[in-house]
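The file structure_31.txt comes next; it holds compact mmCIF, C-alpha atoms.
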```txt
# COMPACT_ATOMS: atom_id res chain seq x y z
CA MET U 1 56.81 -7.79 -20.88
CA SER U 2 60.01 -7.66 -18.82
CA GLY U 3 61.93 -7.39 -22.11
CA LEU U 4 59.82 -4.40 -23.17
CA LEU U 5 60.34 -2.82 -19.77
CA ARG U 6 64.08 -3.22 -20.05
CA ARG U 7 64.33 -2.11 -23.67
CA ARG U 8 61.85 0.82 -23.67
CA PRO U 9 61.07 2.03 -20.15
CA GLU U 10 59.63 5.36 -21.37
CA GLY U 11 57.33 3.53 -23.83
CA PHE U 12 56.02 1.37 -21.00
CA ALA U 13 55.40 4.46 -18.87
CA TRP U 14 53.37 6.00 -21.72
CA LEU U 15 51.39 2.81 -22.11
CA LEU U 16 50.60 2.81 -18.39
CA LEU U 17 49.56 6.47 -18.52
CA VAL U 18 47.27 5.88 -21.51
CA LEU U 19 45.70 2.89 -19.78
CA MET U 20 45.16 4.90 -16.57
CA VAL U 21 43.56 7.82 -18.45
CA ALA U 22 41.35 5.41 -20.40
CA GLY U 23 40.40 3.69 -17.18
CA LEU U 24 39.52 6.99 -15.48
CA LEU U 25 37.51 8.14 -18.49
CA SER U 26 35.50 4.93 -18.54
CA PHE U 27 35.06 4.81 -14.73
CA GLY U 28 33.92 8.45 -14.40
CA PRO U 29 30.76 8.17 -16.47
CA LEU U 30 30.08 4.81 -14.78
CA CYS U 31 30.21 6.48 -11.37
CA VAL U 32 27.94 9.30 -12.45
CA ARG U 33 25.54 6.87 -14.09
CA GLY U 34 25.58 4.71 -10.95
CA THR U 35 24.50 7.61 -8.72
CA GLY U 36 21.91 8.80 -11.22
CA ASP U 37 20.51 5.29 -11.60
CA ALA U 38 20.32 4.81 -7.86
CA SER U 39 18.57 8.17 -7.45
CA ALA U 40 16.08 7.27 -10.19
CA SER U 41 15.52 3.85 -8.60
CA VAL U 42 14.81 5.39 -5.20
CA GLY U 43 12.36 7.79 -6.90
CA GLU U 44 10.67 4.83 -8.61
CA ALA U 45 10.49 3.00 -5.29
CA ASP U 46 8.84 6.03 -3.68
CA VAL U 47 6.25 6.19 -6.48
CA ALA U 48 5.68 2.42 -6.24
CA VAL U 49 5.02 2.67 -2.49
CA ARG U 50 2.58 5.54 -3.03
CA GLN U 51 0.74 3.57 -5.72
CA ALA U 52 0.65 0.52 -3.45
CA PHE U 53 -0.80 2.70 -0.67
CA ASN U 54 -3.48 4.11 -3.02
CA ALA U 55 -4.44 0.61 -4.12
CA THR U 56 -4.59 -0.59 -0.50
CA LEU U 57 -6.70 2.44 0.44
CA ASP U 58 -9.15 1.62 -2.37
CA ALA U 59 -9.28 -2.01 -1.22
CA GLU U 60 -9.96 -0.92 2.35
CA ARG U 61 -12.71 1.45 1.23
CA ALA U 62 -14.26 -1.42 -0.75
CA GLY U 63 -14.43 -3.35 2.53
CA ALA U 64 -11.48 -5.74 2.10
CA ASN U 65 -9.37 -6.93 5.03
CA VAL U 66 -6.02 -5.26 4.35
CA SER U 67 -4.12 -6.19 7.55
CA GLY U 68 -1.62 -8.38 5.69
CA LEU U 69 -1.06 -5.70 3.05
CA ILE U 70 -0.32 -3.07 5.70
CA LEU U 71 2.41 -5.25 7.22
CA ARG U 72 4.06 -5.52 3.80
CA LEU U 73 3.56 -1.79 3.13
CA ASN U 74 5.35 -1.00 6.40
CA GLU U 75 8.16 -3.31 5.33
CA ALA U 76 8.39 -1.54 1.96
CA GLY U 77 8.35 1.87 3.71
CA GLY U 78 11.22 0.81 5.98
CA ILE U 79 13.29 -0.39 3.02
CA LEU U 80 12.54 2.84 1.14
CA VAL U 81 13.91 4.88 4.05
CA GLU U 82 17.03 2.67 4.10
CA ALA U 83 17.46 3.22 0.35
CA GLU U 84 17.16 6.98 0.80
CA MET U 85 19.70 6.88 3.63
CA ALA U 86 22.11 4.84 1.53
CA LEU U 87 21.69 7.31 -1.33
CA GLY U 88 22.33 10.22 1.03
CA ASN U 89 25.49 8.53 2.30
CA GLY U 90 26.72 8.03 -1.27
CA ASN U 91 26.30 4.27 -1.21
CA SER U 92 24.72 3.93 -4.67
CA SER U 93 24.87 0.18 -4.96
CA GLU U 94 23.06 -0.36 -1.66
CA ALA U 95 20.51 2.33 -2.55
CA PHE U 96 19.91 0.65 -5.93
CA SER U 97 19.52 -2.77 -4.35
CA LYS U 98 17.20 -1.57 -1.56
CA ALA U 99 15.10 0.42 -4.04
CA GLY U 100 14.70 -2.70 -6.20
CA GLN U 101 13.65 -4.70 -3.16
CA CYS U 102 11.16 -2.00 -2.21
CA VAL U 103 9.66 -1.84 -5.71
CA GLY U 104 9.23 -5.63 -5.67
CA ILE U 105 7.28 -5.57 -2.41
CA ALA U 106 5.25 -2.48 -3.38
CA GLU U 107 4.23 -3.96 -6.73
CA SER U 108 3.17 -7.24 -5.15
CA VAL U 109 1.14 -5.26 -2.58
CA ARG U 110 -0.49 -3.27 -5.36
CA SER U 111 -1.50 -6.32 -7.37
CA ASP U 112 -2.79 -8.10 -4.24
CA ALA U 113 -4.70 -4.97 -3.22
CA ASP U 114 -6.32 -4.73 -6.66
CA ALA U 115 -7.38 -8.39 -6.46
CA LEU U 116 -8.71 -7.89 -2.92
CA ARG U 117 -10.64 -4.79 -4.01
CA VAL U 118 -12.32 -6.64 -6.88
CA SER U 119 -13.30 -9.57 -4.65
CA ALA U 120 -14.49 -7.19 -1.90
CA LEU U 121 -16.62 -5.28 -4.41
CA ASP U 122 -18.16 -8.56 -5.65
CA GLU U 123 -18.84 -9.61 -2.08
CA ALA U 124 -20.27 -6.19 -1.24
CA GLN U 125 -22.59 -6.41 -4.24
CA THR U 126 -23.82 -9.85 -3.15
CA VAL U 127 -24.37 -8.57 0.39
CA PHE U 128 -26.19 -5.51 -0.95
CA TRP U 129 -28.61 -7.57 -3.06
CA THR U 130 -29.16 -10.04 -0.21
CA TYR U 131 -29.95 -7.24 2.23
CA LEU U 132 -32.12 -5.43 -0.30
CA THR U 133 -34.09 -8.64 -1.06
CA PHE U 134 -34.52 -9.32 2.66
CA SER U 135 -35.68 -5.76 3.29
CA VAL U 136 -38.12 -5.61 0.37
CA ALA U 137 -39.55 -9.08 1.07
CA GLY U 138 -39.69 -8.38 4.81
CA ILE U 139 -41.49 -5.07 4.33
CA ALA U 140 -43.98 -6.62 1.87
CA ALA U 141 -44.75 -9.57 4.18
CA PHE U 142 -45.02 -7.28 7.20
CA VAL U 143 -47.41 -4.89 5.43
CA VAL U 144 -49.59 -7.77 4.19
CA VAL U 145 -49.71 -9.35 7.67
CA LEU U 146 -50.46 -5.99 9.27
CA ALA U 147 -53.27 -5.33 6.74
CA LEU U 148 -54.80 -8.75 7.46
CA VAL U 149 -54.59 -8.13 11.18
CA TRP U 150 -56.18 -4.72 10.72
CA ARG U 151 -59.04 -6.21 8.66
CA ARG U 152 -59.69 -8.88 11.25
CA PHE U 153 -59.46 -6.36 14.04
CA LYS U 154 -61.87 -3.97 12.28
CA ARG U 155 -64.33 -6.78 11.59
CA GLY U 156 -64.20 -7.78 15.25
CA CYS U 157 -64.85 -4.19 16.29
CA PHE U 158 -67.87 -3.88 13.94
CA ARG U 159 -69.25 -7.20 15.17
CA LYS U 160 -68.89 -6.04 18.70
CA VAL U 161 -70.70 -2.75 17.93
CA LEU U 162 -73.50 -4.46 15.98
CA GLY U 163 -74.02 -7.08 18.71
CA MET U 164 -74.65 -4.43 21.36
CA ARG U 165 -78.15 -4.15 22.79
CA PRO U 166 -79.57 -1.04 24.37
CA GLU U 167 -79.60 -1.18 28.14
CA VAL U 168 -82.99 -0.91 29.86
CA ALA U 169 -83.06 1.81 32.41
CA HIS U 170 -85.09 1.08 35.54
CA ASP U 171 -87.24 3.83 36.81
CA GLU U 172 -86.89 3.65 40.54
CA ALA U 173 -89.29 6.38 41.26
CA MET J 1 -61.37 3.79 22.33
CA LYS J 2 -62.60 4.80 18.89
CA LEU J 3 -61.69 2.83 15.76
CA GLU J 4 -59.87 5.88 14.35
CA ASN J 5 -57.46 5.80 17.31
CA TYR J 6 -56.70 2.12 16.68
CA LYS J 7 -56.02 3.02 13.07
CA VAL J 8 -53.37 5.54 14.13
CA ILE J 9 -51.73 2.90 16.37
CA PHE J 10 -51.67 0.41 13.47
CA VAL J 11 -50.11 2.96 11.13
CA ALA J 12 -47.42 3.80 13.71
CA VAL J 13 -46.66 0.10 14.28
CA GLY J 14 -46.54 -0.34 10.50
CA LEU J 15 -44.02 2.49 10.06
CA VAL J 16 -41.80 1.17 12.84
CA GLY J 17 -41.92 -2.32 11.33
CA VAL J 18 -41.07 -1.00 7.85
CA LEU J 19 -38.06 0.86 9.31
CA ILE J 20 -36.89 -2.27 11.15
CA PHE J 21 -37.12 -4.40 8.00
CA ALA J 22 -35.47 -1.69 5.88
CA SER J 23 -32.56 -1.17 8.30
CA PRO J 24 -30.22 -3.83 6.76
CA ALA J 25 -30.49 -2.19 3.33
CA LEU J 26 -30.36 1.32 4.79
CA SER J 27 -27.15 0.47 6.69
CA LEU J 28 -25.42 -0.12 3.37
CA VAL J 29 -26.52 3.20 1.93
CA LEU J 30 -26.60 5.63 4.86
CA ARG J 31 -23.32 6.61 6.49
CA LEU J 32 -23.53 8.10 9.95
CA PRO J 33 -21.13 10.99 10.62
CA GLY J 34 -18.03 9.79 12.48
CA GLY J 35 -16.32 11.54 15.38
CA GLU J 36 -13.52 14.08 15.18
CA ARG J 37 -10.66 13.04 12.90
CA PHE J 38 -7.14 13.52 14.15
CA SER J 39 -3.71 11.96 14.48
CA GLU J 40 -1.56 11.64 17.55
CA LEU J 41 2.18 12.05 17.95
CA TRP J 42 4.02 11.64 21.24
CA VAL J 43 7.38 10.98 22.80
CA LEU J 44 7.82 8.97 25.99
CA GLY J 45 10.87 8.44 28.14
CA PRO J 46 12.90 5.22 28.31
CA GLY J 47 10.43 3.67 30.78
CA HIS J 48 7.44 4.15 28.43
CA MET J 49 6.27 6.98 30.70
CA ALA J 50 6.13 10.76 30.29
CA GLU J 51 9.13 11.12 32.61
CA ASP J 52 12.91 10.61 32.72
CA TYR J 53 13.45 12.08 29.27
CA PRO J 54 17.10 12.37 28.31
CA PHE J 55 18.17 15.91 29.17
CA ASN J 56 21.80 16.26 30.23
CA VAL J 57 23.56 14.45 27.43
CA LYS J 58 27.18 13.79 26.57
CA ALA J 59 29.14 12.27 23.73
CA ASN J 60 29.18 8.52 23.05
CA GLU J 61 26.30 7.65 25.37
CA VAL J 62 23.16 6.10 23.94
CA TYR J 63 19.81 7.60 24.92
CA LYS J 64 16.40 6.10 24.38
CA VAL J 65 12.94 7.57 23.84
CA TYR J 66 9.73 6.07 22.48
CA LEU J 67 8.02 7.73 19.57
CA GLY J 68 4.30 7.08 19.21
CA ILE J 69 1.86 7.71 16.37
CA GLY J 70 -1.89 7.19 16.52
CA ASN J 71 -4.36 7.27 13.64
CA HIS J 72 -7.95 8.41 14.26
CA MET J 73 -8.56 9.72 10.76
CA GLY J 74 -11.30 7.23 9.87
CA GLY J 75 -9.24 5.12 7.45
CA LEU J 76 -5.82 3.91 6.41
CA GLU J 77 -3.15 6.63 6.50
CA TYR J 78 0.45 6.87 5.24
CA TYR J 79 2.54 8.88 7.69
CA ARG J 80 6.03 10.27 7.43
CA VAL J 81 7.84 11.35 10.57
CA CYS J 82 10.76 13.73 9.95
CA VAL J 83 13.50 13.73 12.57
CA LYS J 84 15.08 17.20 12.91
CA PHE J 85 17.71 18.72 15.14
CA ARG J 86 18.07 22.40 15.98
CA ASN J 87 19.71 24.84 18.32
CA GLN J 88 17.84 27.53 20.25
CA THR J 89 17.94 30.07 17.45
CA GLU J 90 16.69 27.86 14.63
CA PRO J 91 12.95 27.81 13.91
CA LEU J 92 10.42 25.29 15.12
CA PRO J 93 7.31 24.45 13.07
CA ASP J 94 4.67 27.18 13.14
CA ALA J 95 1.65 25.72 14.91
CA LEU J 96 -0.55 28.74 14.13
CA ASN J 97 0.02 28.70 10.38
CA GLY J 98 0.49 24.94 10.22
CA THR J 99 3.86 25.15 8.49
CA PRO J 100 6.78 22.81 9.14
CA SER J 101 10.24 23.85 10.29
CA VAL J 102 12.44 24.97 7.41
CA LEU J 103 15.24 22.68 8.61
CA ASP J 104 16.03 19.64 6.50
CA PRO J 105 15.07 16.31 8.01
CA LEU J 106 17.99 14.21 9.18
CA LEU J 107 16.04 10.99 9.03
CA GLU J 108 12.55 9.82 8.20
CA TYR J 109 10.24 7.09 9.32
CA ARG J 110 7.43 5.90 7.09
CA VAL J 111 4.45 4.31 8.75
CA PHE J 112 1.14 2.93 7.50
CA LEU J 113 -1.61 2.81 10.11
CA ARG J 114 -5.24 1.74 9.97
CA ASP J 115 -7.98 3.68 11.73
CA ASN J 116 -7.63 3.57 15.53
CA GLU J 117 -4.25 1.89 15.21
CA VAL J 118 -1.27 3.05 17.23
CA LEU J 119 2.43 2.47 16.71
CA GLU J 120 5.14 3.04 19.27
CA ARG J 121 8.78 2.60 18.29
CA GLU J 122 12.04 2.89 20.12
CA VAL J 123 14.37 5.70 19.01
CA LEU J 124 18.00 5.39 20.09
CA PHE J 125 20.29 8.35 19.70
CA SER J 126 23.77 9.40 20.68
CA PHE J 127 26.29 12.11 19.84
CA GLN J 128 29.62 11.19 18.34
CA SER J 129 31.49 14.42 18.62
CA ILE J 130 30.73 17.38 20.83
CA SER J 131 33.30 20.09 21.18
CA PHE J 132 33.30 23.09 23.53
CA GLU J 133 35.06 26.37 22.78
CA GLY J 134 34.44 29.19 25.21
CA ASN J 135 30.76 30.09 24.99
CA PHE J 136 30.14 27.75 22.10
CA CYS J 137 29.26 24.12 21.91
CA ARG J 138 29.46 22.35 18.57
CA VAL J 139 27.78 19.06 17.73
CA SER J 140 29.22 17.50 14.60
CA SER J 141 27.37 14.24 14.27
CA LEU J 142 24.32 12.62 15.70
CA VAL J 143 23.60 8.89 15.55
CA VAL J 144 19.92 7.96 15.33
CA ASP J 145 19.00 4.27 15.22
CA GLY J 146 22.51 3.43 14.08
CA CYS J 147 22.58 5.99 11.24
CA VAL J 148 25.40 8.49 11.52
CA LEU J 149 24.05 11.92 10.58
CA ASN J 150 26.20 14.99 10.04
CA VAL J 151 24.47 17.85 11.82
CA ASP J 152 27.21 20.40 12.43
CA LYS J 153 25.26 22.67 14.79
CA SER J 154 26.48 25.15 17.34
CA ALA J 155 24.81 26.54 20.43
CA VAL J 156 25.74 29.53 22.54
CA TRP J 157 25.86 29.24 26.34
CA ASP J 158 22.41 30.08 27.73
CA GLU J 159 23.06 32.39 30.69
CA GLU J 160 19.50 32.17 31.94
CA ASN J 161 19.13 28.39 31.89
CA HIS J 162 22.80 27.51 32.32
CA GLY J 163 23.40 25.16 29.44
CA PHE J 164 24.05 24.56 25.77
CA TYR J 165 20.61 23.71 24.48
CA PHE J 166 19.66 21.73 21.41
CA GLN J 167 16.37 20.11 20.50
CA LEU J 168 15.67 16.83 18.81
CA PHE J 169 12.17 16.98 17.40
CA PHE J 170 9.81 14.97 15.25
CA GLU J 171 7.35 16.35 12.70
CA LEU J 172 4.33 14.41 11.49
CA TRP J 173 3.46 14.51 7.81
CA VAL J 174 0.57 12.71 6.16
CA TYR J 175 0.18 11.55 2.58
CA ASN J 176 -2.62 13.21 0.66
CA ALA J 177 -3.74 10.85 -2.09
CA THR J 178 -5.58 13.68 -3.89
CA VAL J 179 -2.44 15.73 -4.49
CA SER J 180 -0.12 12.68 -4.43
CA ASP J 181 2.22 14.26 -1.91
CA PHE J 182 2.95 14.50 1.78
CA GLN J 183 1.53 17.43 3.70
CA TYR J 184 2.61 18.68 7.09
CA HIS J 185 0.01 17.48 9.61
CA ASN J 186 0.65 20.29 12.12
CA ARG J 187 1.93 17.95 14.81
CA PHE J 188 5.39 17.96 16.29
CA VAL J 189 7.01 16.84 19.51
CA GLY J 190 10.52 17.48 20.73
CA ASN J 191 12.99 16.85 23.47
CA TRP J 192 15.35 19.51 24.82
CA LEU J 193 18.93 18.37 25.31
CA ASN J 194 21.61 20.10 27.32
CA MET J 195 25.11 19.25 26.15
CA SER J 196 27.09 18.53 29.27
CA ILE J 197 30.70 19.65 29.52
CA PRO J 198 32.86 16.60 30.32
CA VAL J 199 34.56 16.97 33.71
```

Could you write out this file's structure as structure tokens?
Amino acid sequence: MSGLLRRRPEGFAWLLLVLMVAGLLSFGPLCVRGTGDASASVGEADVAVRQAFNATLDAERAGANVSGLILRLNEAGGILVEAEMALGNGNSSEAFSKAGQCVGIAESVRSDADALRVSALDEAQTVFWTYLTFSVAGIAAFVVVLALVWRRFKRGCFRKVLGMRPEVAHDEA
Amino acid sequence: MKLENYKVIFVAVGLVGVLIFASPALSLVLRLPGGERFSELWVLGPGHMAEDYPFNVKANEVYKVYLGIGNHMGGLEYYRVCVKFRNQTEPLPDALNGTPSVLDPLLEYRVFLRDNEVLEREVLFSFQSISFEGNFCRVSSLVVDGCVLNVDKSAVWDEENHGFYFQLFFELWVYNATVSDFQYHNRFVGNWLNMSIPV
């Protein structure tokens, strides 16, 4: 190398220039792709958090206890904001990494929320049938008991009426 | 009492009993109307009270306020709070039309709250560079919760109130699952700040 430098200094300068240009050409698209990738990742993270929220909302409406999911959703939301900030400050690698972290949490929340929703719906169905059975059986038993009481009461009333004797009025005059 | 009267009493008792026994099943089907649905947004001073808000501010000093959000919407909500900074001439949100300020948010907070849940968080802010030139005051960057934000805003000396006034304000947005987007929730709170000239 030192021999080449001594013998052909202008050749070495050309070689360096070519290498620098090649390096710039390969680094440029990498930079652009890095920013674009980070932006796309942050967009994906945003969508993932929204989907996780929708799934959690459905689970809550089905009657599931979603307290644990909300803690994780808040964590994902915080990381998403950090990713957006990093992207805004031009820190693509941090934005990419935070977005990936956010997607991971959001997807786990979504799958857990789906599982919770299914189990809550099953539980709700069991509760519904139990309550319905109790209500129908309770009403039937109550009506039967009330009818029996009414019959007994009516019979007692009739007996009382039939057992009455006319009162004898005394003429005091 | 006549037998017919007793019959009426038995029928009434029967109906009441049927309703009592049917109530567990009815509770699963019937939904009673809830109260008014709304969200809360507030700012408190450094002592968690509605007093001692930062007002006369200067560069490189950290100020603290508490930002609170309350959910009374009847279910889980996804909120976004946009932090914005303006001078006296820039627009605030329009409360009558329910439209947000046209200014870009400097920072956002994303919060998930269940029904009747409240969140209060500390917001620390400071100004890194404030310059004064005649009747103008220029704020170049604002630091909120450790994030350096380029604001580049100028204010003209307010003759009436004797100060260079800026406002740090927070807008509340809520996620609408039907349209899959955030919508301005017509709530905002702000804090006026007077940039003090260093002596």

Distance query region 2-18 of chain J at most 12 Å, all atoms listed in the file, self and fewer than 2 positions along chain excluded, as a ChimeraX atom specification: /U:134-151,153-158,160-161 /J:20-26

Shell of 9 Å around region 86-88 of chain U, only C-alpha atoms, local chain residues under 4 positions omitted, as a list of chain:residue names: U:Thr35, U:Ala38, U:Ser39, U:Val42, U:Val81, U:Glu82, U:Ser92, U:Ser93, U:Glu94, U:Ala95, U:Phe96, U:Lys98

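Of note, CA of Arg110 (chain U) and CA of Pro105 (chain J) are spaced 28.4 Å apart.
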
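If you measure from each of U:Glu123, U:Glu107, U:Glu60, U:Asp114 to chain J using all atoms listed in the file, the closest one turns out to be U:Glu60.
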
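Shortest separation to Arg61 (chain U) among U:Leu80, U:Ala124, U:Ala45, U:Leu73 occurs at residue U:Ala124, atoms counted being all atoms listed in the file.
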
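Taking CA of Arg121 (chain J) and CA of Val189 (chain J) as endpoints, the distance between them is 14.4 Å.
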
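Between CA of Trp42 (chain J) and CA of Gly68 (chain J) the interatomic distance comes to 5.0 Å.
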
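Closest approach to Asn194 (chain J) from the set J:Met49, J:Val143, J:Ala59, J:Val151 is made by J:Ala59, with distances taken over all atoms listed in the file.
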
U:Gly43, U:Gly100, U:Gly78, U:Gly163 ranked by distance to chain J, top pick (using only C-alpha atoms): U:Gly78

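Of the listed residues (U:Met85, U:Ala13, U:Leu71, U:Val109), U:Val109 comes nearest to Ala48 (chain U); the distances count all atoms listed in the file.
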
Residue completion, region 52-79 of chain J, N, CA and C atoms, as a compact mmCIF listing (two decimals), keeping the file's coordinate frame:
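Final output, saved to part_17.txt:
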```
# COMPACT_ATOMS: atom_id res chain seq x y z
N ASP J 52 11.52 11.05 32.92
CA ASP J 52 12.91 10.61 32.72
C ASP J 52 13.39 10.76 31.27
N TYR J 53 12.97 11.83 30.64
CA TYR J 53 13.45 12.08 29.27
C TYR J 53 14.94 12.40 29.32
N PRO J 54 15.69 11.99 28.33
CA PRO J 54 17.10 12.37 28.31
C PRO J 54 17.21 13.90 28.29
N PHE J 55 18.04 14.45 29.14
CA PHE J 55 18.17 15.91 29.17
C PHE J 55 19.65 16.32 29.17
N ASN J 56 20.37 15.95 30.21
CA ASN J 56 21.80 16.26 30.23
C ASN J 56 22.53 15.16 29.47
N VAL J 57 22.96 15.49 28.27
CA VAL J 57 23.56 14.45 27.43
C VAL J 57 25.04 14.72 27.20
N LYS J 58 25.76 13.64 26.90
CA LYS J 58 27.18 13.79 26.57
C LYS J 58 27.54 12.86 25.42
N ALA J 59 28.72 13.04 24.92
CA ALA J 59 29.14 12.27 23.73
C ALA J 59 29.27 10.79 24.05
N ASN J 60 28.98 9.98 23.03
CA ASN J 60 29.18 8.52 23.05
C ASN J 60 28.33 7.78 24.10
N GLU J 61 27.24 8.38 24.50
CA GLU J 61 26.30 7.65 25.37
C GLU J 61 24.99 7.51 24.60
N VAL J 62 24.39 6.33 24.71
CA VAL J 62 23.16 6.10 23.94
C VAL J 62 21.95 6.43 24.81
N TYR J 63 21.04 7.20 24.22
CA TYR J 63 19.81 7.60 24.92
C TYR J 63 18.61 7.01 24.19
N LYS J 64 17.57 6.76 24.97
CA LYS J 64 16.40 6.10 24.38
C LYS J 64 15.12 6.88 24.67
N VAL J 65 14.30 7.04 23.65
CA VAL J 65 12.94 7.57 23.84
C VAL J 65 12.00 6.69 23.01
N TYR J 66 10.73 6.80 23.28
CA TYR J 66 9.73 6.07 22.48
C TYR J 66 8.90 7.09 21.71
N LEU J 67 8.80 6.85 20.43
CA LEU J 67 8.02 7.73 19.57
C LEU J 67 6.70 7.02 19.23
N GLY J 68 5.60 7.70 19.46
CA GLY J 68 4.30 7.08 19.21
C GLY J 68 3.49 7.85 18.18
N ILE J 69 2.74 7.10 17.38
CA ILE J 69 1.86 7.71 16.37
C ILE J 69 0.52 7.00 16.47
N GLY J 70 -0.56 7.77 16.47
CA GLY J 70 -1.89 7.19 16.52
C GLY J 70 -2.75 7.73 15.39
N ASN J 71 -3.50 6.85 14.76
CA ASN J 71 -4.36 7.27 13.64
C ASN J 71 -5.83 7.21 14.06
N HIS J 72 -6.49 8.36 14.01
CA HIS J 72 -7.95 8.41 14.26
C HIS J 72 -8.59 9.21 13.12
N MET J 73 -8.12 8.94 11.92
CA MET J 73 -8.56 9.72 10.76
C MET J 73 -9.73 9.03 10.01
N GLY J 74 -10.14 7.90 10.50
CA GLY J 74 -11.30 7.23 9.87
C GLY J 74 -10.93 6.27 8.77
N GLY J 75 -9.66 6.07 8.50
CA GLY J 75 -9.24 5.12 7.45
C GLY J 75 -7.74 4.95 7.47
N LEU J 76 -7.27 4.16 6.51
CA LEU J 76 -5.82 3.91 6.41
C LEU J 76 -5.07 5.21 6.09
N GLU J 77 -3.96 5.43 6.76
CA GLU J 77 -3.15 6.63 6.50
C GLU J 77 -1.68 6.25 6.32
N TYR J 78 -0.99 7.05 5.51
CA TYR J 78 0.45 6.87 5.24
C TYR J 78 1.15 8.07 5.88
N TYR J 79 1.88 7.80 6.96
CA TYR J 79 2.54 8.88 7.69
C TYR J 79 4.04 8.91 7.42
```
